[in-house]
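Have a look at the structure below before the remarks.
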6 protein chains.
Amino acid sequence: MHDPHPLFPAADWDPSLRIALYPGTFDPITNGHIDIIERGLTLFDRIIVTIAINVQKEPLFSLEERIAMIEACFSGNRRITVGYTDGLIVDYALGNKARAIIRGLRAVSDFDYEFQLALMNRRLERSVETVFLMTAFRWIYISSSNIKNAARCRGKITGLVPEHVERALQEKFA
Amino acid sequence: MHDPHPLFPAADWDPSLRIALYPGTFDPITNGHIDIIERGLTLFDRIIVTIAINVQKEPLFSLEERIAMIEACFSGNRRITVGYTDGLIVDYALGNKARAIIRGLRAVSDFDYEFQLALMNRRLERSVETVFLMTAFRWIYISSSNIKNAARCRGKITGLVPEHVERALQEKFA
Amino acid sequence: MHDPHPLFPAADWDPSLRIALYPGTFDPITNGHIDIIERGLTLFDRIIVTIAINVQKEPLFSLEERIAMIEACFSGNRRITVGYTDGLIVDYALGNKARAIIRGLRAVSDFDYEFQLALMNRRLERSVETVFLMTAFRWIYISSSNIKNAARCRGKITGLVPEHVERALQEKFA
Amino acid sequence: MHDPHPLFPAADWDPSLRIALYPGTFDPITNGHIDIIERGLTLFDRIIVTIAINVQKEPLFSLEERIAMIEACFSGNRRITVGYTDGLIVDYALGNKARAIIRGLRAVSDFDYEFQLALMNRRLERSVETVFLMTAFRWIYISSSNIKNAARCRGKITGLVPEHVERALQEKFA
Amino acid sequence: MHDPHPLFPAADWDPSLRIALYPGTFDPITNGHIDIIERGLTLFDRIIVTIAINVQKEPLFSLEERIAMIEACFSGNRRITVGYTDGLIVDYALGNKARAIIRGLRAVSDFDYEFQLALMNRRLERSVETVFLMTAFRWIYISSSNIKNAARCRGKITGLVPEHVERALQEKFA
Amino acid sequence: MHDPHPLFPAADWDPSLRIALYPGTFDPITNGHIDIIERGLTLFDRIIVTIAINVQKEPLFSLEERIAMIEACFSGNRRITVGYTDGLIVDYALGNKARAIIRGLRAVSDFDYEFQLALMNRRLERSVETVFLMTAFRWIYISSSNIKNAARCRGKITGLVPEHVERALQEKFA
């Protein structure tokens with residue numbers, strides 16, 4: 001799993017472009033993630049949605065399922081691609097000429113964790129900047145975790161995730 | 001475990017009554033929980049202490065043990081009953097005509113988590129209100145977790161949990 | 001200004017009623033306040049919206065203007081009345097047979113301040129409970145202060161305050 | 001003071017450029033501010049350092065002094081200009097074709113305040129995005145306020161502000 | 001007011017002693033402050049309770065009144081003395097051979113402010129360490145500010161401040 | 001594992017000495033831990049670095065490895081010793097005549113957790129005081145966890161941990 005190249009030819013992108021990474025587990029992608037990606041497109045030319053593979057945590061959806069769900073959200077948009085890495089996010093950023101890492105903020109405990117992560121990332125690689133965008137207030141209460149919890153208990157998650165993700169969750173918990 | 005009816009006939013309660021749910025893991029119930037329940041009784045006519053069953057986490061005490069420990073705290077008080085669910089808390093509230101969910105607040109990280117939970121619950125079911133009560137300052141430092149840790153290491157927990165809970169903890173860690 | 005009686009005959013209310021105080025500066029009342037009051041009505045029979053007079057801070061609107069603006073929001077609703085006090089909120093609660101003080105929570109710094117206030121109030125008077133309700137996420141970003149700042153700079157505040165409050169703000173800053 | 005045009009001809013900037021606003025009181029500018037501005041230049045083509053004039057607060061340095069101190073930090077850099085406004089920051093952003101507002105984060109209470117501000121700004125004007133950058137950990141403890149307090153008590157502030165700002169502070173408190 | 005010597009001959013103290021500063025406004029001293037001082041005595045040989053004079057804020061009690069109220073709390077205890085300064089706290093610490101500054105923590109917003117202060121103080125003077133002690137939970141809700149607010153409104157403050165401070169507050173607000 | 005005696009004869013230390021415990025998991029020790037220990041030595045005569053054994057969590061390094069790594073940091077310094085316990089920290093403090101528990105603070109979520117822990121410890125044993133020291137800002141972003149994450153992904157951790165710890169991490173993840 002050490003192939004650091006994204007599924008789409010990000011490597012072909014013009015080096016003068018402003019490229020940003022948007023890392024996460026995306027297990028699964030939610031409308032909150034999509035909102036941050038769309039905000040990011042007003043600031044950057046290209047965004048690489050990057051699945052961070054954590055070998056210590058078993059995801060609900062496989063890497064392939066997660067990639068497919070993200071691609072289905074942005075199909076046709078040439079400014080977005082999907083990648084994955086089990087290495088350092090900053091190394092993946094460097095390898096793909098991304099000058100920034102995008103993070104969405106929802107709440108104070110988020111911020112606290114993100115603060116430490118951003119400082120650590122800066123220590124690891126000074127040339128990559130972490131940029132925080134504010135999730136729309138419609139989405140501040142959703143996360144992949146509580147979406148999964150609601151779906152597991154058969155709660156109404158319509159409108160919180162794209163339709164194809166809703167169907168995938170229903171199938172997992174059928 | 002999908003029977004959403006509490007052990008006592010909450011269903012018989014007069015619909016004009018103000019019924020509230022007090023959900024938690026109660027593994028085990030502490031004096032902090034009891035304090036919140038007693039405060040809740042000044043605001044509501046009936047309280048359903050509701051054990052939220054989390055299939056992903058192994059509790060120290062079985063569901064039956066937890067129910068018995070809670071009942072032993074309030075035996076004789078007709079305004080309190082005990083229930084349990086492995087479904088959505090808001091669904092259990094609706095099914096029992098509860099108009100409110102009571103949550104105790106102790107600290108900032110509590111609040112942050114509770115804030116997201118309350119917003120998510122409201123999204124799932126608008127008619128159920130989340131009400132936050134402040135734990136007495138005598139109890140702000142106790143939780144089921146740190147009570148269990150102290151008991152595991154043979155610390156003095158007298159006065160932090162009811163006597164029968166103290167004995168149950170001593171037996172578990174004997 | 002030591003008359004602790006509200007403008008409407010709260011004193012006539014049936015003692016079996018559940019009466020709550022909703023204290024604040026209300027300089028001016030916003031849609032966030034109105035949301036909390038409406039949530040409070042699902043839990044309490046009567047609410048006394050109580051202007052806390054702070055002799056050390058000069059408000060934008062006079063006491064009379066603030067009372068009139070609140071009354072205009074709830075005219076015809078016999079379950080809501082308006083009061084004011086320059087004394088302790090807990091004393092005003094006791095004098096009006098209110099068993100609870102309602103507070104709206106929006107953010108962590110709110111909570112922190114509220115936590116100390118609630119503990120202090122409990123120390124001053126044990127029989128009055130503080131109840132926290134969560135502002136709808138549509139309103140978590142508004143406060144009387146930032147509404148006033150926006151109005152002072154001629155920002156669009158339509159939809160954040162009732163129409164008559166919007167007009168009053170425009171006149172103040174004309 | 002309603003002239004919303006910056007001192008340098010930002011209006012001449014190419015509309016295809018990515019322009020960001022960096023608003024603040026800058027009373028005075030510190031090394032922490034300069035760090036954020038330099039980070040911002042890796043993401044944006046132009047930055048308008050914008051003094052937000054607060055008619056209700058008396059600054060230590062006059063508007064002219066603050067403008068001069070900021071200009072002395074970036075003289076010769078055509079990508080940075082200085083502006084000021086006593087209106088809404090989002091209006092000033094729109095009038096100068098800025099698509100983003102940059103804010104530096106230092107601590108949790110910062111974040112909390114910024115969160116409300118960003119949501120309010122988005123409500124006022126949806127097309128302007130707020131972007132948060134993390135202050136270098138060398139600067140997380142400095143603010144214009146505590147620099148002024150240290151200078152007032154003759155503390156060593158060398159290395160926390162540019163030299164010309166240090167001299168200006170010494171003259172103010174001589 | 002630049003005499004940096006405390007009222008009692010701290011200068012005579014043996015340099016091998018562990019001396020700590022406990023700075024604050026003490027307007028007035030509360031039982032929370034006294035609790036922190038007594039905890040500090042288990043760690044340090046001597047404590048200099050140091051009134052930080054803020055020329056920009058008008059206190060309720062004069063410097064002389066505040067000194068007298070603190071002395072009345074600890075009369076006869078040769079390990080505690082009272083000092084004051086309108087300079088930097090770290091300079092006052094150095095001048096009195098104090099190797100540590102004691103700060104009491106009550107809540108998160110406290111911590112945040114204290115964190116910045118401690119980092120700034122360390123920058124100003126590396127040899128003085130800031131030590132944080134936890135206020136007893138009985139006192140986490142009291143501060144000089146809310147004690148004054150309660151006294152102003154004739155609330156019961158018995159048990160929150162020493163008796164002589166209670167009388168002094170009653171006289172101020174008579 | 002119930003032998004509560006440290007590896008070095010702390011029991012021989014003079015009872016008039018000020019002894020403090022510095023508990024943690026130390027899996028592995030970082031430069032942030034070392035910074036706190038060195039600060040602690042300015043306040044205490046002796047420090048017992050105490051590995052808290054958590055039977056519920058599998059560490060990366062064995063108890064023996066962790067002890068050896070800590071000892072290698074302070075070899076030759078007679079004022080520091082290493083101990084371990086799977087019991088209550090306060091009991092271990094009492095058994096070793098330590099009057100204080102040292103904790104390092106890095107961020108708000110730290111503080112919150114530490115606050116509850118300190119209050120719980122005080123309840124368990126009143127005679128042991130918790131003392132908080134502030135991690136140098138150079139270290140606020142590092143923890144054993146994120147050091148391990150970085151090492152696992154082959155990130156540069158030079159300068160964040162002692163050299164022998166860096167080598168041990170590289171061997172574990174080789």
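Naming scheme: A, B, ... for chains in displayed order of the structure tokens; residues 1 onward per chain; ligands 1 onward as shown.
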
Provide as a ChimeraX atom specification the residues of chain C at most 10 Å from chain D, counting only C-alpha atoms.
/C:106-110,138-143,146-147,149-158,160

Keeping C-alpha atoms for every residue in the selection just given, could you write it to a file as an mmCIF file, in the first residue's frame?
```cif
data_model
loop_
_atom_site.group_PDB
_atom_site.id
_atom_site.type_symbol
_atom_site.label_atom_id
_atom_site.label_comp_id
_atom_site.auth_asym_id
_atom_site.auth_seq_id
_atom_site.Cartn_x
_atom_site.Cartn_y
_atom_site.Cartn_z
ATOM 1 C CA ARG C 106 -24.220 28.530 22.291
ATOM 2 C CA ALA C 107 -20.539 27.820 22.711
ATOM 3 C CA VAL C 108 -17.852 26.666 25.054
ATOM 4 C CA SER C 109 -17.006 30.047 26.488
ATOM 5 C CA ASP C 110 -20.697 30.480 27.214
ATOM 6 C CA ARG C 138 -29.345 28.515 13.051
ATOM 7 C CA TRP C 139 -28.744 30.939 15.946
ATOM 8 C CA ILE C 140 -25.472 29.819 17.459
ATOM 9 C CA TYR C 141 -23.600 32.690 15.873
ATOM 10 C CA ILE C 142 -25.838 35.540 16.946
ATOM 11 C CA SER C 143 -25.753 37.569 20.129
ATOM 12 C CA ASN C 146 -22.733 41.130 17.243
ATOM 13 C CA ILE C 147 -26.223 42.122 16.046
ATOM 14 C CA ASN C 149 -22.087 45.674 15.696
ATOM 15 C CA ALA C 150 -23.566 44.583 12.366
ATOM 16 C CA ALA C 151 -26.370 47.161 12.601
ATOM 17 C CA ARG C 152 -23.885 49.928 13.507
ATOM 18 C CA CYS C 153 -21.989 49.117 10.256
ATOM 19 C CA ARG C 154 -25.243 48.860 8.235
ATOM 20 C CA GLY C 155 -24.989 45.073 7.763
ATOM 21 C CA LYS C 156 -28.040 43.003 6.786
ATOM 22 C CA ILE C 157 -29.644 41.761 10.038
ATOM 23 C CA THR C 158 -33.002 40.819 8.512
ATOM 24 C CA LEU C 160 -31.763 37.579 12.873
#
```

Show which residues sit within 8 Å of Leu105 (chain D), as a PDB file with N, CA and C atoms, in the first residue's frame. Count only C-alpha atoms, and ignore same-chain residues fewer than 6 positions away.
```
ATOM      1  N   PHE D 111     -10.434  30.670  19.176  1.00  0.00           N
ATOM      2  CA  PHE D 111     -11.194  29.888  18.231  1.00  0.00           C
ATOM      3  C   PHE D 111     -12.690  30.093  18.420  1.00  0.00           C
ATOM      4  N   PHE D 132      -8.524  30.069   8.348  1.00  0.00           N
ATOM      5  CA  PHE D 132      -7.750  30.156   9.578  1.00  0.00           C
ATOM      6  C   PHE D 132      -6.362  29.583   9.380  1.00  0.00           C
ATOM      7  N   LEU D 133      -5.369  30.351   9.790  1.00  0.00           N
ATOM      8  CA  LEU D 133      -4.001  29.856   9.754  1.00  0.00           C
ATOM      9  C   LEU D 133      -3.494  29.792  11.187  1.00  0.00           C
ATOM     10  N   MET D 134      -2.570  28.872  11.415  1.00  0.00           N
ATOM     11  CA  MET D 134      -2.074  28.628  12.759  1.00  0.00           C
ATOM     12  C   MET D 134      -0.825  29.459  13.011  1.00  0.00           C
ATOM     13  N   THR D 135      -0.857  30.273  13.998  1.00  0.00           N
ATOM     14  CA  THR D 135       0.327  31.028  14.388  1.00  0.00           C
ATOM     15  C   THR D 135       1.467  30.069  14.736  1.00  0.00           C
TER      16      THR D 135
END
```

Do a neighbour search on Pro59 (chain B) at 12 Å with only C-alpha atoms, toss out local chain neighbours closer than 2 positions, and write the hits as an MDAnalysis selection string.
chainID B and resid 25:28 51:57 61:66 144:145 148

Output for the residues just chosen: N, CA, C and O atoms as a compact mmCIF listing (two decimals), in the first residue's frame:
```
# COMPACT_ATOMS: atom_id res chain seq x y z
N THR B 25 -24.87 4.86 30.18
CA THR B 25 -24.42 3.48 30.23
C THR B 25 -24.62 2.91 31.64
O THR B 25 -24.89 1.74 31.80
N PHE B 26 -24.47 3.75 32.66
CA PHE B 26 -24.72 3.36 34.06
C PHE B 26 -23.95 2.07 34.42
O PHE B 26 -24.53 1.12 34.92
N ASP B 27 -22.65 2.13 34.14
CA ASP B 27 -21.82 0.94 34.34
C ASP B 27 -20.72 1.22 35.35
O ASP B 27 -19.54 1.27 34.96
N PRO B 28 -21.05 1.44 36.64
CA PRO B 28 -22.36 1.40 37.27
C PRO B 28 -22.90 2.82 37.52
O PRO B 28 -22.21 3.79 37.22
N ILE B 51 -30.91 2.74 30.02
CA ILE B 51 -29.59 2.19 29.72
C ILE B 51 -29.43 2.09 28.20
O ILE B 51 -30.20 1.41 27.53
N ALA B 52 -28.47 2.84 27.67
CA ALA B 52 -28.17 2.78 26.23
C ALA B 52 -27.21 1.62 26.00
O ALA B 52 -26.08 1.65 26.47
N ILE B 53 -27.67 0.61 25.29
CA ILE B 53 -26.85 -0.58 25.05
C ILE B 53 -25.96 -0.34 23.85
O ILE B 53 -26.45 0.00 22.76
N ASN B 54 -24.67 -0.43 24.04
CA ASN B 54 -23.70 -0.22 22.97
C ASN B 54 -23.08 -1.57 22.63
O ASN B 54 -22.25 -2.09 23.36
N VAL B 55 -23.51 -2.11 21.49
CA VAL B 55 -23.05 -3.47 21.15
C VAL B 55 -21.55 -3.52 20.90
O VAL B 55 -20.95 -4.58 20.90
N GLN B 56 -20.93 -2.34 20.70
CA GLN B 56 -19.50 -2.34 20.39
C GLN B 56 -18.60 -2.26 21.62
O GLN B 56 -17.39 -2.32 21.52
N LYS B 57 -19.20 -2.07 22.80
CA LYS B 57 -18.39 -1.91 24.01
C LYS B 57 -18.83 -2.92 25.07
O LYS B 57 -20.02 -3.03 25.38
N PHE B 61 -20.54 -4.49 34.10
CA PHE B 61 -21.73 -5.13 34.66
C PHE B 61 -22.70 -5.49 33.53
O PHE B 61 -22.87 -4.72 32.58
N SER B 62 -23.37 -6.62 33.67
CA SER B 62 -24.35 -7.04 32.66
C SER B 62 -25.55 -6.10 32.69
O SER B 62 -25.74 -5.34 33.66
N LEU B 63 -26.36 -6.14 31.64
CA LEU B 63 -27.57 -5.32 31.60
C LEU B 63 -28.43 -5.58 32.83
O LEU B 63 -28.91 -4.65 33.48
N GLU B 64 -28.57 -6.85 33.20
CA GLU B 64 -29.42 -7.21 34.34
C GLU B 64 -28.85 -6.62 35.64
O GLU B 64 -29.59 -6.10 36.48
N GLU B 65 -27.53 -6.74 35.80
CA GLU B 65 -26.91 -6.17 37.00
C GLU B 65 -27.11 -4.66 37.07
O GLU B 65 -27.41 -4.11 38.14
N ARG B 66 -26.96 -4.00 35.93
CA ARG B 66 -27.09 -2.54 35.93
C ARG B 66 -28.52 -2.13 36.25
O ARG B 66 -28.76 -1.19 37.02
N SER B 144 -18.38 6.98 35.96
CA SER B 144 -18.33 5.52 36.08
C SER B 144 -16.91 5.02 35.81
O SER B 144 -16.42 4.11 36.48
N SER B 145 -16.24 5.65 34.84
CA SER B 145 -14.89 5.20 34.48
C SER B 145 -13.90 5.37 35.62
O SER B 145 -13.18 4.43 35.97
N LYS B 148 -14.52 3.03 38.48
CA LYS B 148 -14.05 1.67 38.20
C LYS B 148 -12.53 1.58 38.33
O LYS B 148 -12.01 0.62 38.91
```

Can you work out the spacing between CA of Phe44 (chain A) and CA of Arg18 (chain D) in Å, to one decimal?
9.5 Å

Run DSSP on the backbone and give me the residues of region 40-152 of chain A it puts in helix (DSSP H, G or I), as a PyMOL selection string.
chain A and resi 40-41+63-74+89-95+108-124+137-139+144-152

Which of chain C DSSP labels strand (DSSP E or B), written as a PyMOL selection string:
chain C and resi 19-24+46-52+80-85+100-105+129-134+158+161

Applying 9 Å and only C-alpha atoms, which residues near Tyr92 (chain F) remain after dropping the ones on its own chain fewer than 4 positions away? List them as a PDB file with C-alpha atoms, in the first residue's frame.
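What follows is the written file result.pdb:
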```pdb
ATOM      1  CA  PRO F   4       5.440  -0.660  45.213  1.00  0.00           C
ATOM      2  CA  HIS F   5       9.128   0.059  45.657  1.00  0.00           C
ATOM      3  CA  LEU F  21       5.890  11.818  41.761  1.00  0.00           C
ATOM      4  CA  THR F  50       6.451   6.599  37.910  1.00  0.00           C
ATOM      5  CA  TYR F  84       6.127   1.744  38.599  1.00  0.00           C
ATOM      6  CA  THR F  85       2.757   0.728  39.956  1.00  0.00           C
ATOM      7  CA  GLY F  87      -2.213   0.540  41.903  1.00  0.00           C
ATOM      8  CA  LEU F  88      -3.490   4.012  42.717  1.00  0.00           C
ATOM      9  CA  ASN F  96       7.159   6.820  48.909  1.00  0.00           C
ATOM     10  CA  LYS F  97       6.592   9.894  51.087  1.00  0.00           C
ATOM     11  CA  ALA F  98       5.919  12.064  48.020  1.00  0.00           C
TER      12      ALA F  98
END
```

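Between CA of Arg79 (chain B) and CA of His33 (chain B) lies a distance of 16.0 Å.
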
Report, in Å with one decimal, the straight-line distance from CA of Gly40 (chain B) to CA of Ser75 (chain B).
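One can read the CA of Gly40 (chain B) to CA of Ser75 (chain B) distance as 16.9 Å.
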